Every structure is written in C-alpha cells, then in structure tokens.
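K.L.:
Sharing a structure here in structure tokens format.
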Amino acid sequence: MSTTKSSPTLTSNPSKTNGNSPPVNKLLKPSASYSLTLRLKIKNEPGSLGKVTSLIGEIGGDIGAIDIAGFEKDHIIRDLTVKVRDSEHGEQLVKELKKLDNVEIVHVSDRTFLMHLGGKIRVTNKVPLSTRDDLSMAYTPGVARVCMAIHDEPENVYKLTIKRNTVAVVTDGTAVLGLGDIGPEAALPVMEGKAMLFKEFGKVDAFPICLSTKDTEEIIKAVKYIAPVFGGINLEDISAPRCFEIESRLKEELDIPVFHDDQHGTAVVVLAALINAVKIVKKEIKNLKIVVSGVGAAGVACSKMIMAAGGKNIIGFDRQGAIYKGRTEHMNYMKEWFAENTNPTGFKGTVHEALDGADLFLGLSGPGTINAADLSLMNKDAIVFAMANPIPEVMPEEAAPYVRIMATGRSDYPNQINNVLCFPGIFRGALDCHATDINEEMKLAAAHAIASVVAPNELNEDYIIPGVFNPKVAESVAAAVVKAAQKTGVSRKVKRSDLDDLC
C-alpha cells in the first residue's frame, strides 16, 4: 500500500491537520485501530528476528502475528502485525526499525486504511436475475403491477419494497467523533461503519446519506424528500444545538421513526449501565447526586433519560462552568431547558467542588476534565462513567483507588458503554412493528432490556453491561421495543408475519 517511507496514517493524521488531535497519553494501550503490517527484509542469520521483536517490545508495540512472506538470497521477508498507541507511536516505531542493521523496511501498511479501501459496504441483489423470466418479474413489465398495488394501498410499500427493513444514516459532518466539523465527505467512513453495525447486529439494511449543507431547514427538507425509501431515519454526528431542532421537527413531520443516536443511543446505554450499577452499590437512582460533565447533545439526552428513570439531583457543566437557573452567558434553548429542570440547589461552583458527596460522575466531555484526587470527594461506592474517546475524562487506572464501578467508551477496559448495544435493536423493533416514532417509553424499555441481558449471577463491578457481540442484546431490545410501541399506540403492525400476506 505504501513505500518504505510510511503508510497513509503515519504521515496524514486527520486529527492533527485540523488541530483537534487528542493530547498524548502514555496510559493509552496499543490498539487494533492503530495497527500496522510491517513487511521487513531480515538478514537470515541467528538473532536478527530477535533484535526486531525486542526493539518493538521496548518501544511499546504489541506484536500480533509474524508470517513468512518470501525468501531472497541471505534474507527472509517477514510480515509483522503490530499494534501501536497512535500515529506518532507508529512513526517512532518505523524510525527506530530503520536504524537496525541487517533489516530493510519494504512496506508499512496501515491495516485500518486497508479495511476502508473502496468503502466498507455494498449493495447486492436478494433475488437472482439470470433469465428473461427473472427480468420480466423484477423489472418491466411485471413490476408495474407491484407499483399499482402500492399506489392503491400505500401501506403495501412496507410489504413490497426495501422500506420494510431500511434505515438512512444521515449526517452533515459537523460533529464527527472527536474530530468536529470535517464535512460530509470526510464523515462518510463513519456512516459506512454505522451501516455495517446496523447489518451485523440488527439485520437492518442501512445506507449513509451525507448532506452537503449545514442549514437546518435544508437538512430537514432533504430528509423529508428521501423519507419514502426508508423505514426509519438515524441522525448522526450533527452538531448541537441544531441537532435538537432537526430531530424535533422531523419527528413531528414524518410518519417514520427518527432517532438521533448521539443523543438517545448514548442515553439508553448509560441508563442500562446505571440500572445494573445501582444494584451492586445498593442505591436508588432517585437518591443519587449526579455530576454531568459536558452538556451537549449526549449530556442533555442522558440527563433526560436518567430523570425519566427517577433521577432528581443532577448538576451539569459545560466549558463555562455549572449550568443553573438564571445563567445568561453561553446558553442556548436546550441549556435553558437544562437549567430549568436540573441543579435543584442552584450550585454555581466548579465541577471539582460538585463532586463532593456525589454518587455518579457522568463524563461526556474530554480528557483531563477531572483528576483522581477529585474522585476521593465522592460518596462511598462511587460510580464513574467516563466516556470521552479515545482518552476518558479520567483513566481507569487512576480512578481505581477511589471508585467502586468504572465504565468508559473504550473496548480495552471492562464496562464499555457503546451505542451499538442500542441502535440496532431499537430500529429492529421499530421496523418490525412499523412504528411511527421511537418514544420515551420505547427508549426506557430498551435500556431495561440491555440491562436484563446481564444475569443476576453474572453481575459484578466489571460486568454491568453486556458485551457488544452478545447476540441476546439486539433480540431482547427489539422485543421490548415492539411491546412498548404497541402499548403506546405507535405500532402499525401487531405481528411481523403479517408482512408476508401478499407473498
């Protein structure tokens, strides 16, 4: 993929170019997200390979595999798969390997970039198209009768088209991961990945829609124009506060579910983790003092969800400090709502001071927001959900002496709070019952369903939330969502078998 100089990520780090690169943190572990395949020509003599592996270990790389790729006179060509911490760490590794005698770097390939070559998803046919008969049924003239069946009874679109199982993943590229406003083209790899997760975990066909506009009205119009094709709309990586209005308007103006996953997916999984965490510490959600760092889309949604589950004492913080009734600077209409409905004591101090006597710290901000010493002020059996990625507000190793239960958004620590536990199942259920909305009752049902996958005899401090590959999660969430949709009157179908009436 590259020359002996470097791979694409080693020389072109997107987060570095726009100034949003996270600070270096030596506590970060090597990760598959930064994994390299090094093709090396190594002198065929005793100890040569050992020098290479020893150097990689000294630098902190994690060797996953060593394969022989070929032979040349007096040399063996080997492929070494190595995990590193970040792009800079990978550059350091390559630089040091170049200093070794009897070793030549042939190629350095970034495995993540290789996975993305040509995109990660594609469209395939469900039925064969190999004969004239196939063509006449799939397309003209046979398709005309199917068109008229939908024209005469619009609900047939769910039975006779991809609408029954298809979701649009819509973004404007303004709040992508921790990279910020990088535009619709640069956002596309994330949306492709989201579509992969929909398919893998919920058997839902999803397609990325990246819009080249930041105008709220234009986004709303665009989604409404494409809505006839889709059974649901998943809004993704749209910056606050516009994301609130876009979602609210679309929910009002469309008759299919609209779900902003950055808000509600996070909130559902946070509540699921909290439901199980309080069982361990023997506390009730209604009695918790909760400190929220980061009152953006996710912070507001998580707070609302916890309040719906009984939470009362929530204090939120943004970059300017505590949010309280009467604050006038750096506010928007959602922060105004937050100020009116949280912080019952009118606290105006710092996040560090607010942790005194707190039971739960909920981090949706960035690295270094708090430090370990702050956690010592929390109540006994403290719970910390530090979800900034890739570097949490406080690292689990630092928090360990002070907290009973720790969760992050990372896969290399216990208790990963990951949206993939929510959105595939919640859309699976919504599509199955032809829901017109994903309402609060359906979200609460999803949270309890996720929590229930962890059996009572399995529940412990390092296992409050099921793993993302647990097949029971999406099934349980979908079933709970269907029941809640039927109970609240937003389901247009009682049984999924009804979908096949015309077939």
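Each chain in the structure tokens gets a letter, A, B and so on, in the order shown; residues start at 1 in every chain, and ligands are counted from 1 in the order they appear.
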When you look at Ala485 (chain A) with a cut-off of 9 Å (counting only C-alpha atoms), what residues show up, excluding the ones that are within fewer than 4 positions of it in the same chain? I need them as a PDB file with C-alpha atoms, in the first residue's frame.
P.N.:
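Result file out-v1.pdb:
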ATOM      1  CA  GLY A 429     -38.047  -3.454  16.844  1.00  0.00           C
ATOM      2  CA  ALA A 430     -39.336  -0.217  15.314  1.00  0.00           C
ATOM      3  CA  CYS A 433     -43.871  -3.205  14.079  1.00  0.00           C
ATOM      4  CA  ALA A 435     -43.556   2.165  14.303  1.00  0.00           C
ATOM      5  CA  THR A 436     -44.321   5.805  13.573  1.00  0.00           C
ATOM      6  CA  ASP A 437     -41.995   7.021  16.324  1.00  0.00           C
ATOM      7  CA  ILE A 438     -39.345   5.990  18.830  1.00  0.00           C
ATOM      8  CA  ASN A 439     -40.751   7.468  22.018  1.00  0.00           C
ATOM      9  CA  GLU A 441     -41.279   4.501  26.648  1.00  0.00           C
ATOM     10  CA  MET A 442     -39.508   2.586  23.881  1.00  0.00           C
ATOM     11  CA  ALA A 480     -39.019  -4.881  24.337  1.00  0.00           C
ATOM     12  CA  VAL A 481     -39.320  -2.034  21.850  1.00  0.00           C
ATOM     13  CA  GLY A 489     -50.004   3.209  20.206  1.00  0.00           C
ATOM     14  CA  VAL A 490     -47.187   3.958  17.756  1.00  0.00           C
ATOM     15  CA  SER A 491     -47.119   0.460  16.219  1.00  0.00           C
ATOM     16  CA  ARG A 492     -48.875  -0.060  12.894  1.00  0.00           C
TER      17      ARG A 492
END
K.L.:
Rounded to one decimal in Å, what is the spacing between CA of Gly119 (chain A) and CA of Met191 (chain A)?
P.N.:
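If I compute the distance from CA of Gly119 (chain A) to CA of Met191 (chain A), I get 10.6 Å.
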K.L.:
Could you pull out all residues of region 18-124 of chain A with a DSSP call of strand (DSSP E or B) and give them as a PyMOL selection string?
P.N.:
chain A and resi 31-43+62-72+75-84+103-110
K.L.:
Keeping only N, CA and C atoms, write the selected residues to a file as a compact mmCIF listing (two decimals), in the first residue's frame.
P.N.:
# COMPACT_ATOMS: atom_id res chain seq x y z
N SER A 31 -3.60 -0.43 20.26
CA SER A 31 -4.97 -0.76 19.85
C SER A 31 -5.01 -1.22 18.41
N ALA A 32 -5.98 -2.08 18.11
CA ALA A 32 -6.15 -2.54 16.72
C ALA A 32 -6.49 -1.39 15.79
N SER A 33 -7.05 -0.30 16.32
CA SER A 33 -7.38 0.84 15.49
C SER A 33 -6.13 1.52 14.94
N TYR A 34 -4.99 1.29 15.60
CA TYR A 34 -3.69 1.75 15.10
C TYR A 34 -2.78 0.53 14.95
N SER A 35 -3.08 -0.30 13.97
CA SER A 35 -2.28 -1.50 13.78
C SER A 35 -1.63 -1.47 12.40
N LEU A 36 -0.38 -1.88 12.36
CA LEU A 36 0.42 -1.82 11.15
C LEU A 36 0.83 -3.22 10.72
N THR A 37 0.97 -3.41 9.42
CA THR A 37 1.64 -4.60 8.90
C THR A 37 2.98 -4.14 8.32
N LEU A 38 4.06 -4.59 8.93
CA LEU A 38 5.41 -4.22 8.52
C LEU A 38 6.00 -5.35 7.69
N ARG A 39 6.30 -5.09 6.44
CA ARG A 39 6.99 -6.09 5.63
C ARG A 39 8.49 -5.77 5.71
N LEU A 40 9.23 -6.69 6.32
CA LEU A 40 10.65 -6.48 6.59
C LEU A 40 11.50 -7.53 5.87
N LYS A 41 12.62 -7.08 5.28
CA LYS A 41 13.62 -7.99 4.72
C LYS A 41 14.72 -8.12 5.78
N ILE A 42 14.80 -9.30 6.39
CA ILE A 42 15.68 -9.50 7.54
C ILE A 42 16.80 -10.48 7.17
N LYS A 43 18.00 -10.13 7.51
CA LYS A 43 19.15 -10.98 7.25
C LYS A 43 18.92 -12.35 7.88
N ASP A 62 2.78 -3.89 20.29
CA ASP A 62 2.22 -5.19 20.63
C ASP A 62 2.17 -6.04 19.37
N ILE A 63 3.05 -7.06 19.29
CA ILE A 63 3.13 -7.90 18.10
C ILE A 63 2.00 -8.92 18.10
N GLY A 64 1.23 -8.93 17.00
CA GLY A 64 0.11 -9.87 16.92
C GLY A 64 0.42 -11.11 16.12
N ALA A 65 1.19 -10.98 15.05
CA ALA A 65 1.49 -12.13 14.20
C ALA A 65 2.79 -11.88 13.46
N ILE A 66 3.51 -12.98 13.17
CA ILE A 66 4.72 -12.93 12.36
C ILE A 66 4.59 -14.01 11.29
N ASP A 67 4.58 -13.58 10.04
CA ASP A 67 4.40 -14.52 8.93
C ASP A 67 5.56 -14.39 7.95
N ILE A 68 5.92 -15.52 7.34
CA ILE A 68 6.94 -15.50 6.29
C ILE A 68 6.27 -15.19 4.95
N ALA A 69 6.74 -14.12 4.28
CA ALA A 69 6.16 -13.70 3.01
C ALA A 69 7.02 -14.11 1.82
N GLY A 70 8.25 -14.57 2.08
CA GLY A 70 9.09 -14.98 0.96
C GLY A 70 10.55 -15.07 1.36
N PHE A 71 11.38 -15.46 0.38
CA PHE A 71 12.81 -15.59 0.63
C PHE A 71 13.59 -14.90 -0.49
N GLU A 72 14.71 -14.34 -0.12
CA GLU A 72 15.70 -13.86 -1.08
C GLU A 72 17.05 -14.36 -0.61
N HIS A 75 18.30 -13.58 2.86
CA HIS A 75 17.29 -12.81 3.60
C HIS A 75 15.96 -13.58 3.66
N ILE A 76 15.21 -13.33 4.73
CA ILE A 76 13.83 -13.81 4.85
C ILE A 76 12.92 -12.57 4.90
N ILE A 77 11.88 -12.59 4.08
CA ILE A 77 10.92 -11.49 4.09
C ILE A 77 9.76 -11.88 5.01
N ARG A 78 9.53 -11.07 6.01
CA ARG A 78 8.50 -11.38 7.01
C ARG A 78 7.49 -10.23 7.11
N ASP A 79 6.23 -10.60 7.38
CA ASP A 79 5.18 -9.62 7.68
C ASP A 79 4.90 -9.66 9.17
N LEU A 80 5.10 -8.53 9.84
CA LEU A 80 4.83 -8.43 11.28
C LEU A 80 3.61 -7.52 11.48
N THR A 81 2.60 -8.02 12.16
CA THR A 81 1.44 -7.21 12.52
C THR A 81 1.67 -6.65 13.92
N VAL A 82 1.62 -5.33 14.03
CA VAL A 82 1.97 -4.67 15.29
C VAL A 82 0.91 -3.63 15.64
N LYS A 83 0.41 -3.68 16.86
CA LYS A 83 -0.49 -2.65 17.37
C LYS A 83 0.34 -1.56 18.05
N VAL A 84 -0.04 -0.29 17.81
CA VAL A 84 0.62 0.84 18.45
C VAL A 84 -0.43 1.73 19.11
N VAL A 103 18.33 -5.11 8.53
CA VAL A 103 16.87 -5.07 8.40
C VAL A 103 16.50 -3.95 7.42
N GLU A 104 15.69 -4.30 6.44
CA GLU A 104 15.19 -3.31 5.48
C GLU A 104 13.67 -3.30 5.53
N ILE A 105 13.10 -2.10 5.63
CA ILE A 105 11.64 -1.97 5.62
C ILE A 105 11.18 -1.92 4.16
N VAL A 106 10.40 -2.91 3.75
CA VAL A 106 9.91 -2.98 2.38
C VAL A 106 8.61 -2.19 2.24
N HIS A 107 7.66 -2.45 3.14
CA HIS A 107 6.37 -1.74 3.13
C HIS A 107 5.92 -1.52 4.57
N VAL A 108 5.17 -0.44 4.77
CA VAL A 108 4.44 -0.24 6.02
C VAL A 108 2.99 0.00 5.63
N SER A 109 2.11 -0.91 6.00
CA SER A 109 0.69 -0.81 5.65
C SER A 109 -0.14 -0.58 6.90
N ASP A 110 -1.00 0.40 6.84
CA ASP A 110 -1.93 0.66 7.94
C ASP A 110 -3.17 -0.21 7.74
K.L.:
Counting only C-alpha atoms, which of A:Phe427, A:Tyr463, A:Phe361, A:Phe198 gets nearest to Gly231 (chain A)?
P.N.:
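When distances to Gly231 (chain A) are compared using only C-alpha atoms, the smallest one comes from A:Phe427.
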K.L.:
Looking only at the backbone, which of the residues in region 263-351 of chain A does DSSP tag as alpha helix (DSSP H), as an MDAnalysis selection string?
P.N.:
chainID A and resid 263:281 297:308 333:341 351
K.L.:
Under the rule that only C-alpha atoms are counted, which of A:Val269, A:Ala484, A:Ile314, A:Met305 is the nearest residue to Asn287 (chain A)?
P.N.:
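That would be A:Ile314, the residue with the smallest distance to Asn287 (chain A).
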